[in-house]
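Okay, structure first, notes after.
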Amino acid sequence: MNVPEGTPMDTTLSAVELARCLPPGKLRQEYLVLLELVGHGRFQHKVLFCAHLSLAMVLFHYWSVHVLTQPVDHWCKPPALFAHLTREQWLNVSIPVVEDGQGNRHHSRCTMYDLATIVFNGSRVEVPCDGWDYDLPDDTHTLISK
């Protein structure tokens, strides 16, 4: 395309001009047929904008879940009878220490010792938790703290 010097050039391509850039054959024909069916005006631009906007909203929602749900250490909640114990005392007396698959040892998150059997005969029978306590600093804002 020969354009005299100093003439401003429009760098946008129309859909038909874009079709000319495609290799000749079936692909170009299918593209031109699709253009006739759908069109390429302001309405299509608005639809495309709305599609991009909805995609951005979905991505924001997806990533916000990862940001807001930080892992938080937790263990079984003590019954009201043992609420006077400090966190360390409660963990040492009633929560079993388990080993994860990587060899790390930590307090169980799902079981505790049956307190009635510990007091009366000293055996340590594990039972499921009735509730949980969480290791949250005072200034932490996560889904669990809300």
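All residue names refer to the structure tokens as shown: chains lettered A, B, ... in order, residues numbered from 1 in each chain, ligands numbered from 1 in order.
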
| said: I want to know what sits within 10 Å of stretch 95-101 of chain A, based on only C-alpha atoms, with residues of the same chain fewer than 4 positions away left out; could you give that as a PyMOL selection string? | reply: chain A and resi 75-78+89-91+105-114+124-126+129

| request: Could you pull out the residues in stretch 11-119 of chain A that DSSP calls alpha helix (DSSP H) from the backbone, as a PyMOL selection string? | output: chain A and resi 15-21+26-38+42-68+87-94+115-119

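Counting from atom CA of A:Asp130, the distance to atom CA of A:Ser64 is 29.8 Å.
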
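Distances here use only C-alpha atoms; by that measure, the residue among A:Arg87, A:Ser94, A:Leu59, A:Leu136 closest to A:Ala116 is A:Ser94.
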
| DSSP-assigned strand (DSSP E or B) members of stretch 14-137 of chain A, reported as a count of residues only | 18
